[in-house]
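The file structure-v8.cif contains mmCIF, C-alpha atoms:
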data_start
#
loop_
_atom_site.label_atom_id
_atom_site.label_comp_id
_atom_site.auth_asym_id
_atom_site.auth_seq_id
_atom_site.Cartn_x
_atom_site.Cartn_y
_atom_site.Cartn_z
CA MET A 547 -3.20 32.75 -21.25
CA ALA A 548 -4.00 30.98 -17.98
CA PHE A 549 -2.52 32.61 -14.90
CA LEU A 550 -1.85 29.37 -12.99
CA ALA A 551 1.15 27.20 -13.82
CA ASP A 552 0.77 24.26 -16.19
CA THR A 553 2.37 22.04 -13.53
CA LEU A 554 -0.88 22.13 -11.55
CA GLN A 555 -2.60 20.22 -14.33
CA ARG A 556 -0.36 17.22 -13.58
CA ILE A 557 -1.29 16.86 -9.91
CA LYS A 558 -4.40 16.23 -7.84
CA PRO A 559 -5.38 17.30 -4.32
CA SER A 560 -4.60 14.71 -1.64
CA ALA A 561 -7.41 12.15 -1.46
CA THR A 562 -6.74 11.46 2.21
CA ILE A 563 -6.99 15.13 3.14
CA ALA A 564 -10.13 15.48 0.98
CA VAL A 565 -12.02 12.69 2.76
CA THR A 566 -10.95 13.97 6.18
CA ASP A 567 -12.17 17.47 5.31
CA LYS A 568 -15.48 16.08 3.99
CA ALA A 569 -16.05 14.03 7.15
CA ARG A 570 -15.25 17.06 9.30
CA ALA A 571 -17.73 19.22 7.33
CA LEU A 572 -20.50 16.61 7.65
CA LYS A 573 -19.90 16.41 11.42
CA LEU A 574 -20.18 20.19 11.68
CA ALA A 575 -23.48 19.95 9.79
CA GLY A 576 -24.79 17.55 12.41
CA ARG A 577 -24.28 14.19 10.69
CA ASP A 578 -23.23 11.15 12.71
CA VAL A 579 -19.94 10.44 10.93
CA ILE A 580 -17.10 8.12 11.90
CA GLY A 581 -13.95 9.32 10.15
CA LEU A 582 -11.43 6.60 9.32
CA GLY A 583 -9.48 8.62 6.76
CA ALA A 584 -6.86 10.49 8.76
CA GLY A 585 -3.43 8.86 9.09
CA GLU A 586 -2.67 10.00 12.62
CA PRO A 587 -2.75 8.38 16.05
CA ASP A 588 -5.70 9.21 18.28
CA PHE A 589 -3.37 9.22 21.30
CA ASP A 590 -2.19 12.57 22.65
CA THR A 591 1.46 13.63 22.56
CA PRO A 592 3.18 12.21 25.69
CA ASP A 593 3.44 14.61 28.62
CA ASN A 594 7.25 14.66 28.79
CA ILE A 595 7.37 15.88 25.18
CA LYS A 596 4.78 18.58 25.83
CA GLU A 597 6.67 19.67 28.94
CA ALA A 598 9.89 19.96 26.93
CA ALA A 599 8.07 22.28 24.54
CA THR A 600 6.67 24.49 27.30
CA LYS A 601 10.08 24.61 28.96
CA ALA A 602 11.62 25.78 25.67
CA ILE A 603 9.02 28.55 25.56
CA ARG A 604 9.65 29.57 29.17
CA ASP A 605 13.42 29.54 28.59
CA GLY A 606 13.15 31.79 25.53
CA ARG A 607 14.43 29.14 23.11
CA SER A 608 11.43 29.19 20.78
CA SER A 609 11.12 32.83 19.77
CA LYS A 610 13.97 33.14 17.25
CA TYR A 611 14.97 31.65 13.93
CA THR A 612 17.08 28.52 14.14
CA ASN A 613 19.49 26.91 11.70
CA VAL A 614 17.63 26.36 8.45
CA ASP A 615 17.61 22.56 8.62
CA GLY A 616 17.56 21.96 12.35
CA ILE A 617 19.11 22.95 15.66
CA ALA A 618 22.35 21.19 16.62
CA GLU A 619 20.66 19.44 19.56
CA LEU A 620 18.03 17.89 17.30
CA LYS A 621 20.54 16.82 14.67
CA ALA A 622 22.55 15.13 17.43
CA ALA A 623 19.40 13.38 18.68
CA VAL A 624 18.57 12.23 15.13
CA ALA A 625 22.11 10.93 14.58
CA ALA A 626 21.93 9.05 17.90
CA LYS A 627 18.56 7.58 16.91
CA PHE A 628 19.90 6.30 13.58
CA LYS A 629 22.90 4.70 15.28
CA ARG A 630 20.90 3.22 18.16
CA GLU A 631 17.94 1.90 16.20
CA ASN A 632 19.17 1.39 12.64
CA GLU A 633 22.94 0.77 12.92
CA LEU A 634 23.52 3.79 10.64
CA GLU A 635 26.28 6.31 11.31
CA TYR A 636 25.52 9.90 10.28
CA LYS A 637 27.36 13.11 11.17
CA PRO A 638 25.32 16.25 11.90
CA SER A 639 26.27 17.51 8.42
CA GLN A 640 24.47 14.45 7.03
CA ILE A 641 21.20 15.19 8.86
CA SER A 642 18.30 17.26 7.51
CA VAL A 643 15.33 18.39 9.60
CA GLY A 644 12.21 19.70 7.92
CA THR A 645 8.59 20.61 8.54
CA GLY A 646 7.37 17.03 8.50
CA GLY A 647 8.56 14.05 6.52
CA LYS A 648 6.67 15.28 3.47
CA GLN A 649 8.86 18.37 3.17
CA VAL A 650 12.03 16.32 3.59
CA LEU A 651 10.97 13.98 0.78
CA TYR A 652 9.94 16.89 -1.45
CA ASN A 653 13.21 18.75 -0.84
CA ALA A 654 15.18 15.67 -1.88
CA LEU A 655 13.17 15.25 -5.08
CA VAL A 656 13.47 18.92 -6.03
CA ALA A 657 17.20 18.78 -5.32
CA THR A 658 17.82 15.80 -7.60
CA LEU A 659 15.25 15.48 -10.39
CA ASN A 660 15.70 16.86 -13.89
CA PRO A 661 12.95 16.75 -16.54
CA GLY A 662 12.47 13.17 -17.68
CA ASP A 663 14.12 11.56 -14.65
CA GLU A 664 12.14 8.55 -13.44
CA VAL A 665 11.23 7.54 -9.89
CA ILE A 666 10.08 3.98 -9.23
CA ILE A 667 7.20 3.86 -6.76
CA PRO A 668 5.74 0.54 -5.61
CA ALA A 669 1.94 0.59 -5.70
CA PRO A 670 -0.17 0.82 -3.62
CA TYR A 671 1.66 3.99 -2.58
CA TRP A 672 1.14 6.99 -0.37
CA VAL A 673 -0.95 9.36 -2.48
CA SER A 674 1.64 12.17 -2.33
CA TYR A 675 4.61 10.34 -3.86
CA PRO A 676 3.67 10.57 -7.57
CA ASP A 677 2.49 14.15 -7.30
CA MET A 678 5.64 15.28 -5.50
CA VAL A 679 7.72 13.62 -8.22
CA MET A 680 5.76 15.44 -10.92
CA LEU A 681 5.95 18.78 -9.11
CA ALA A 682 9.72 18.30 -9.02
CA GLY A 683 9.80 17.71 -12.78
CA GLY A 684 10.23 13.94 -12.73
CA GLU A 685 8.18 11.00 -14.00
CA PRO A 686 6.66 8.54 -11.51
CA VAL A 687 6.89 4.89 -12.56
CA ALA A 688 4.44 2.71 -10.65
CA VAL A 689 5.27 -0.95 -10.05
CA THR A 690 2.18 -2.77 -8.84
CA ALA A 691 2.22 -5.22 -5.94
CA THR A 692 -0.99 -7.16 -5.34
CA ALA A 693 -2.55 -8.60 -2.23
CA GLU A 694 -1.29 -12.02 -3.34
CA SER A 695 2.31 -10.78 -2.97
CA GLY A 696 1.55 -9.13 0.37
CA PHE A 697 1.53 -5.74 -1.41
CA LYS A 698 5.33 -6.01 -1.80
CA ILE A 699 7.22 -5.85 -5.08
CA LYS A 700 9.60 -8.62 -6.14
CA ALA A 701 13.20 -8.29 -7.28
CA GLU A 702 12.32 -9.19 -10.87
CA GLN A 703 9.68 -6.45 -10.98
CA LEU A 704 12.23 -3.89 -9.82
CA GLU A 705 14.76 -5.12 -12.35
CA ARG A 706 12.27 -4.71 -15.21
CA ALA A 707 11.29 -1.20 -14.10
CA ILE A 708 14.82 0.24 -14.03
CA THR A 709 15.89 2.23 -17.08
CA PRO A 710 18.86 4.52 -17.80
CA ARG A 711 16.60 7.42 -16.70
CA THR A 712 15.76 5.93 -13.27
CA LYS A 713 17.05 8.14 -10.47
CA TRP A 714 15.23 6.94 -7.33
CA LEU A 715 13.38 4.00 -5.86
CA ILE A 716 10.99 5.06 -3.10
CA LEU A 717 10.45 2.36 -0.48
CA ASN A 718 7.88 2.83 2.28
CA SER A 719 7.91 0.05 4.87
CA PRO A 720 5.69 -0.39 6.80
CA SER A 721 3.48 1.01 4.10
CA ASN A 722 0.86 3.66 3.89
CA PRO A 723 -1.77 2.58 2.72
CA THR A 724 -1.46 -1.20 3.12
CA GLY A 725 0.53 -1.67 6.34
CA SER A 726 2.73 -4.21 4.54
CA ALA A 727 6.37 -4.39 5.65
CA TYR A 728 9.42 -5.91 3.98
CA THR A 729 11.40 -8.53 5.87
CA ARG A 730 15.18 -8.36 5.89
CA ALA A 731 15.30 -11.12 3.25
CA GLU A 732 12.80 -9.33 1.02
CA LEU A 733 14.77 -6.09 1.30
CA LYS A 734 18.03 -7.92 0.56
CA ALA A 735 16.55 -9.24 -2.70
CA LEU A 736 15.72 -5.66 -3.75
CA THR A 737 19.06 -4.21 -2.65
CA ASP A 738 20.86 -6.94 -4.65
CA VAL A 739 19.13 -5.56 -7.75
CA LEU A 740 20.12 -2.01 -6.87
CA LEU A 741 23.76 -2.97 -6.48
CA ARG A 742 23.73 -3.87 -10.19
CA HIS A 743 22.41 -0.39 -11.08
CA PRO A 744 24.70 2.20 -9.45
CA HIS A 745 22.80 5.16 -10.94
CA VAL A 746 19.67 4.37 -8.88
CA TRP A 747 19.33 5.84 -5.38
CA VAL A 748 17.02 4.68 -2.57
CA MET A 749 14.59 6.95 -0.74
CA SER A 750 13.57 4.93 2.31
CA ASP A 751 10.48 6.32 4.02
CA ASP A 752 10.62 4.70 7.47
CA MET A 753 7.93 6.84 9.11
CA TYR A 754 6.06 3.80 10.50
CA GLU A 755 9.23 2.05 11.70
CA HIS A 756 8.07 1.50 15.29
CA LEU A 757 4.51 0.48 14.41
CA VAL A 758 5.02 -3.24 13.74
CA TYR A 759 3.25 -6.28 15.19
CA ASP A 760 3.49 -10.06 15.71
CA ASP A 761 7.25 -10.02 16.39
CA PHE A 762 8.03 -8.44 13.02
CA VAL A 763 11.58 -7.04 12.98
CA PHE A 764 12.01 -3.75 11.12
CA THR A 765 15.09 -3.10 8.99
CA SER A 766 16.04 -0.24 6.67
CA PRO A 767 17.70 -0.66 3.23
CA ALA A 768 21.09 0.87 4.09
CA GLN A 769 21.14 -1.25 7.24
CA VAL A 770 20.49 -4.41 5.20
CA GLU A 771 23.00 -3.49 2.49
CA PRO A 772 25.75 -1.12 3.72
CA ARG A 773 27.12 -0.81 0.18
CA LEU A 774 24.05 1.30 -0.62
CA TYR A 775 24.79 3.76 2.21
CA GLU A 776 26.23 6.43 -0.12
CA ARG A 777 23.13 6.48 -2.29
CA THR A 778 20.40 6.11 0.30
CA LEU A 779 18.31 8.82 1.93
CA THR A 780 16.79 7.41 5.12
CA VAL A 781 13.70 9.43 6.04
CA ASN A 782 11.79 9.34 9.31
CA GLY A 783 10.10 11.63 11.81
CA VAL A 784 8.23 11.94 15.06
CA SER A 785 4.69 12.15 13.68
CA LYS A 786 3.39 8.60 14.00
CA ALA A 787 5.13 6.65 16.77
CA TYR A 788 5.41 9.74 19.00
CA CYS A 789 1.86 11.01 18.30
CA MET A 790 3.16 14.35 17.01
CA THR A 791 1.53 14.82 13.60
CA GLY A 792 0.63 18.44 14.35
CA TRP A 793 4.13 19.35 15.51
CA ARG A 794 5.44 18.89 11.93
CA ILE A 795 8.95 17.51 12.34
CA GLY A 796 10.55 15.09 9.89
CA PHE A 797 14.20 14.25 9.34
CA ALA A 798 16.58 12.33 7.13
CA GLY A 799 20.12 11.03 7.02
CA GLY A 800 22.06 10.84 3.77
CA PRO A 801 25.13 11.81 1.78
CA GLU A 802 26.41 15.26 2.69
CA PRO A 803 26.14 16.82 -0.81
CA LEU A 804 22.46 15.85 -1.00
CA ILE A 805 21.74 17.10 2.53
CA LYS A 806 23.44 20.41 1.69
CA ALA A 807 21.34 20.78 -1.47
CA MET A 808 18.15 20.04 0.50
CA ALA A 809 19.11 22.73 3.02
CA ALA A 810 19.59 25.25 0.20
CA ILE A 811 16.07 24.53 -1.08
CA GLN A 812 14.59 24.79 2.39
CA SER A 813 16.40 28.09 2.96
CA GLN A 814 14.55 29.59 0.00
CA SER A 815 11.14 28.06 0.75
CA THR A 816 10.14 27.65 4.40
CA SER A 817 13.39 28.17 6.33
CA ASN A 818 13.57 26.41 9.68
CA PRO A 819 10.85 24.25 11.24
CA ALA A 820 9.17 25.82 14.28
CA ALA A 821 11.72 26.10 17.09
CA VAL A 822 9.32 24.85 19.77
CA SER A 823 8.58 21.74 17.72
CA GLN A 824 12.28 21.03 17.34
CA TRP A 825 12.84 21.11 21.11
CA ALA A 826 9.84 18.81 21.57
CA ALA A 827 11.37 16.42 19.02
CA VAL A 828 14.68 16.39 20.91
CA GLU A 829 12.83 15.08 23.97
CA ALA A 830 10.85 12.59 21.86
CA LEU A 831 14.01 11.03 20.45
CA ASN A 832 16.11 11.19 23.62
CA GLY A 833 13.41 10.59 26.22
CA PRO A 834 11.51 7.51 27.43
CA LYS A 835 9.71 5.38 24.86
CA ASP A 836 7.70 3.08 27.10
CA PHE A 837 4.46 4.39 25.63
CA ILE A 838 5.24 2.95 22.17
CA PRO A 839 4.73 -0.74 23.04
CA LYS A 840 1.59 0.23 25.02
CA HIS A 841 0.19 2.00 21.99
CA ASN A 842 1.22 -0.85 19.70
CA LYS A 843 -0.68 -3.37 21.82
CA ILE A 844 -3.84 -1.31 21.29
CA PHE A 845 -3.12 -0.84 17.58
CA LYS A 846 -2.64 -4.59 17.15
CA GLU A 847 -5.98 -5.27 18.84
CA ARG A 848 -7.63 -2.75 16.53
CA ARG A 849 -5.95 -4.26 13.48
CA ASP A 850 -7.21 -7.71 14.41
CA LEU A 851 -10.70 -6.36 15.04
CA CYS A 852 -10.80 -4.68 11.61
CA VAL A 853 -9.46 -7.71 9.75
CA ALA A 854 -11.92 -10.07 11.42
CA MET A 855 -14.99 -7.87 11.02
CA LEU A 856 -14.25 -6.69 7.48
CA ASN A 857 -13.71 -10.24 6.28
CA GLN A 858 -17.25 -10.96 7.51
CA ALA A 859 -18.61 -8.17 5.29
CA LYS A 860 -20.17 -9.42 2.05
CA GLY A 861 -17.92 -8.68 -0.96
CA ILE A 862 -14.93 -7.51 1.13
CA GLN A 863 -11.54 -9.20 1.46
CA CYS A 864 -9.10 -7.76 4.01
CA PRO A 865 -5.47 -8.97 4.29
CA LYS A 866 -3.72 -8.77 7.67
CA PRO A 867 -0.86 -6.20 7.56
CA GLU A 868 2.45 -6.34 9.43
CA GLY A 869 2.57 -2.73 10.55
CA ALA A 870 1.43 0.92 10.44
CA PHE A 871 -2.21 1.56 11.40
CA TYR A 872 -4.01 0.88 8.14
CA VAL A 873 -5.86 -1.96 6.49
CA TYR A 874 -6.42 -2.05 2.74
CA PRO A 875 -9.43 -4.23 1.93
CA SER A 876 -10.55 -5.10 -1.58
CA CYS A 877 -14.12 -4.15 -2.43
CA ALA A 878 -14.06 -5.94 -5.78
CA GLY A 879 -16.97 -8.12 -4.64
CA THR A 880 -19.24 -5.08 -4.41
CA ILE A 881 -18.62 -3.74 -7.91
CA GLY A 882 -21.70 -3.88 -10.09
CA LYS A 883 -24.14 -4.00 -7.18
CA LEU A 884 -26.79 -1.43 -6.30
CA ALA A 885 -26.46 0.72 -3.20
CA PRO A 886 -29.48 1.57 -0.99
CA SER A 887 -29.73 4.86 -2.90
CA GLY A 888 -30.24 2.95 -6.16
CA GLN A 889 -26.80 4.04 -7.41
CA LYS A 890 -24.79 1.32 -9.13
CA ILE A 891 -21.34 0.83 -7.63
CA GLY A 892 -18.94 0.95 -10.57
CA THR A 893 -15.71 2.01 -8.83
CA ASP A 894 -14.15 2.11 -5.39
CA GLU A 895 -14.93 5.84 -5.33
CA ASP A 896 -18.60 4.96 -5.75
CA PHE A 897 -18.27 2.48 -2.89
CA VAL A 898 -16.79 4.98 -0.42
CA THR A 899 -19.23 7.72 -1.49
CA GLU A 900 -22.27 5.47 -0.98
CA LEU A 901 -20.87 4.14 2.31
CA LEU A 902 -20.48 7.69 3.63
CA ASP A 903 -23.95 8.73 2.49
CA ALA A 904 -25.71 5.59 3.75
CA GLU A 905 -23.85 4.80 6.96
CA GLY A 906 -21.74 7.84 7.83
CA VAL A 907 -18.40 6.01 7.60
CA ALA A 908 -15.60 7.95 5.91
CA VAL A 909 -12.83 5.86 4.31
CA VAL A 910 -10.50 6.58 1.38
CA GLN A 911 -10.92 4.93 -2.01
CA GLY A 912 -7.97 2.87 -3.21
CA THR A 913 -7.54 4.22 -6.74
CA PRO A 914 -5.54 7.33 -5.65
CA PHE A 915 -3.14 4.93 -3.90
CA GLY A 916 -2.47 3.19 -7.20
CA LEU A 917 -4.48 -0.03 -6.80
CA GLY A 918 -8.22 -0.57 -6.78
CA PRO A 919 -10.98 -1.45 -6.32
CA ALA A 920 -10.09 -1.15 -2.66
CA PHE A 921 -10.26 1.29 0.23
CA ARG A 922 -8.03 2.34 3.09
CA ILE A 923 -9.10 2.38 6.71
CA SER A 924 -7.02 4.07 9.39
CA TYR A 925 -7.63 2.17 12.62
CA ALA A 926 -5.93 4.90 14.65
CA THR A 927 -9.23 5.78 16.27
CA ALA A 928 -11.05 4.82 19.46
CA THR A 929 -11.81 1.09 19.56
CA PRO A 930 -15.58 1.44 20.23
CA LEU A 931 -15.90 3.79 17.24
CA LEU A 932 -13.88 1.38 15.11
CA HIS A 933 -16.17 -1.51 16.10
CA GLU A 934 -19.23 0.58 15.28
CA ALA A 935 -17.75 1.59 11.91
CA CYS A 936 -17.06 -2.04 10.97
CA GLU A 937 -20.62 -2.98 11.92
CA ARG A 938 -21.89 -0.20 9.67
CA ILE A 939 -19.71 -1.44 6.81
CA GLN A 940 -21.09 -4.97 7.32
CA ARG A 941 -24.64 -3.59 7.26
CA PHE A 942 -23.95 -1.52 4.14
CA CYS A 943 -22.46 -4.48 2.27
CA ALA A 944 -25.34 -6.75 3.33
CA GLY A 945 -27.76 -4.23 1.85
CA LEU A 946 -26.16 -4.19 -1.60
CA ARG A 947 -28.16 -6.03 -4.23
#
Starting from the file, give its structure as structure tokens.
Amino acid sequence: MAFLADTLQRIKPSATIAVTDKARALKLAGRDVIGLGAGEPDFDTPDNIKEAATKAIRDGRSSKYTNVDGIAELKAAVAAKFKRENELEYKPSQISVGTGGKQVLYNALVATLNPGDEVIIPAPYWVSYPDMVMLAGGEPVAVTATAESGFKIKAEQLERAITPRTKWLILNSPSNPTGSAYTRAELKALTDVLLRHPHVWVMSDDMYEHLVYDDFVFTSPAQVEPRLYERTLTVNGVSKAYCMTGWRIGFAGGPEPLIKAMAAIQSQSTSNPAAVSQWAAVEALNGPKDFIPKHNKIFKERRDLCVAMLNQAKGIQCPKPEGAFYVYPSCAGTIGKLAPSGQKIGTDEDFVTELLDAEGVAVVQGTPFGLGPAFRISYATATPLLHEACERIQRFCAGLR
């Protein structure tokens, strides 16, 4: 009898982490590699946030356990953020703080899913969603959105996907991996469907909320449709907009019974997030945010650079996203061609493998995100490196035959 649990046979390692690790290993071996796989800003954490962390250390506030799901000061800051930015009222007892948004999402799924429960996940999706659902005992149900629809599902698609076993709809806007973002009208069409199905809850992953461009206005589902407030978990964190991926702080607001259940799970798994990170997050949420529009201006320039240069690459089509820091180009025009190595490109995995070997550019294949042949580029990297990477992709595609 195998020692490892059968559950592990249902899941796969994260493709985004795998490509980042491979690029890092090649760099250590001396290869000239430009890594465009990691979903994290290249900007450093702002100084005021770092100073808040060091002050917490000096003041002796980081050396002890805290409340399992967040210190009172951070819960208050999260509640104030939701009210200020999303028009959502949450009491501290309705706030959960975890070790990154991923843990918050996972806690909610473990707390609610029974075997056979279904979770609707629009595709392309963040690679972790389906696997977290399966680890929690549920069944992921992918609903595909194509480039023609802006990588956004329609109301009629959602309606068809709902069954008596549906428990959650996961919405991620702006999206990882596509950068697509739902307008208020598009969200309203989806929430109108959900109002007709009171057994379906909404898990709104708003992690890229502040990373939007071209005057796009972000809204969250419970903000668009207040009647869904009691069955919505609004998830966010400080990782992306505040350049704090390594600090590992995510949070959510939702109905008190769900938040209490999530805290019980966290109490028996990781306990509290690192105290020093929590104090840093308090400053991030309460402190100045003037750096966000400055960063966004640079991200927008990088987005436009990627879209323009990739659309000049033979066999590549790259839509322009509304937010996040990803583009999701199709590489369908390269399938069936021969790479410089003589290898035939049959899949998007072949494409990214040959690109890395030939040109030293690390991107993530689209299939693990639920829609291929495509690949994801994170443009959260230095602009000169991004320009060089796009030139290499152009050269690689020109050399296919």
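With only C-alpha atoms as the atoms that count, the residue of A:Gly888, A:Gly581, A:Gly799, A:Gly918 with the shortest distance to Ala622 of chain A is A:Gly799.
Between atom CA of Leu774 of chain A and atom CA of Val687 of chain A there is a distance of 21.2 Å.
If all atoms listed in the file are the atoms counted, then among A:Trp747, A:Phe697, A:Phe762, A:Phe837 the closest residue to Val873 of chain A is A:Phe697.
Using only C-alpha atoms, the smallest distance between any of A:Val828, A:Leu634, A:Ile805, A:Ala821 and Tyr611 of chain A comes from A:Ala821.
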- Pro686 of chain A environment, 8 Å, only C-alpha atoms, sequence neighbours closer than 2 positions dropped, as an NGL selection string: :A and (664-667 or 676 or 679-680 or 684 or 688)
Residues within 12 Å of (1.2, -10.4, -2.6), counting all atoms listed in the file, listed as a compact mmCIF listing (two decimals) with C-alpha atoms, in the frame of the given file:
# COMPACT_ATOMS: atom_id res chain seq x y z
CA ALA A 669 1.94 0.59 -5.70
CA PRO A 670 -0.17 0.82 -3.62
CA THR A 690 2.18 -2.77 -8.84
CA ALA A 691 2.22 -5.22 -5.94
CA THR A 692 -0.99 -7.16 -5.34
CA ALA A 693 -2.55 -8.60 -2.23
CA GLU A 694 -1.29 -12.02 -3.34
CA SER A 695 2.31 -10.78 -2.97
CA GLY A 696 1.55 -9.13 0.37
CA PHE A 697 1.53 -5.74 -1.41
CA LYS A 698 5.33 -6.01 -1.80
CA ILE A 699 7.22 -5.85 -5.08
CA LYS A 700 9.60 -8.62 -6.14
CA THR A 724 -1.46 -1.20 3.12
CA SER A 726 2.73 -4.21 4.54
CA ALA A 727 6.37 -4.39 5.65
CA TYR A 728 9.42 -5.91 3.98
CA PRO A 865 -5.47 -8.97 4.29
CA LYS A 866 -3.72 -8.77 7.67
CA PRO A 867 -0.86 -6.20 7.56
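Between Ala626 of chain A and the residues A:Ala571, A:Ile641, A:Ile862, A:Phe897, the shortest atom-to-atom distance, using all atoms listed in the file, involves A:Ile641.
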- Message: Evaluated on this file, the PyMOL selection byres ((chain A and resi 597) around 12) picks out some residues - which ones are they, written as a VMD selection string?
- Response: chain A and resid 591 to 596 598 to 605 822 to 823 825 to 830 833
- Contacts of Val643 of chain A at 12 Å (only C-alpha atoms; same-chain gap of 2+ positions) as a ChimeraX atom specification: /A:612-625,638-641,645-651,653-654,780-784,794-800,805-806,808-809,812-813,816-821,823-824,827-828
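Of the residues listed (A:Gly792, A:Pro875, A:Gly662, A:Gly861), A:Gly861 shows the shortest atom-to-atom separation from Gln940 of chain A; distances use all atoms listed in the file.
Going from atom CA of Asn660 of chain A to atom CA of Ser815 of chain A covers 19.0 Å.
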- Message: Which residues are near Gln889 of chain A? Cut-off 12 Å, only C-alpha atoms, ignore same chain within fewer than 3 positions. Put them as a PyMOL selection string.
- Response: chain A and resi 881-886+892-893+896-897+899-901+903-904+946-947
- Computed interatomic separation between atom CA of Pro559 of chain A and atom CA of Gly912 of chain A (Å): 14.7 Å
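Between Asp850 of chain A and the candidates A:Ser887, A:Glu771, A:Asp760, A:Cys789, the tightest atom-to-atom separation, counting all atoms listed in the file, involves A:Asp760.
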- Task: Return as a PyMOL selection string the set of residues that the PyMOL selection byres ((chain A and resi 706-712) around 6) yields on the displayed structure.
- Result: chain A and resi 663-665+703-705+713
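What the PyMOL selection byres ((chain A and resi 772) around 12) grabs from this file is Asn632, Glu633, Leu634, Glu635, Lys734, Thr737, Asp738, Leu741, Ser766, Pro767, Ala768, Gln769, Val770, Glu771, Arg773, Leu774, Tyr775, Glu776, Arg777 and Thr778 of chain A.
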- Item | Spatial neighbours of Ala944 of chain A, max dist 8 Å, all atoms listed in the file, sep filter under 3 positions, as a VMD selection string | chain A and resid 859 to 860 940 to 941
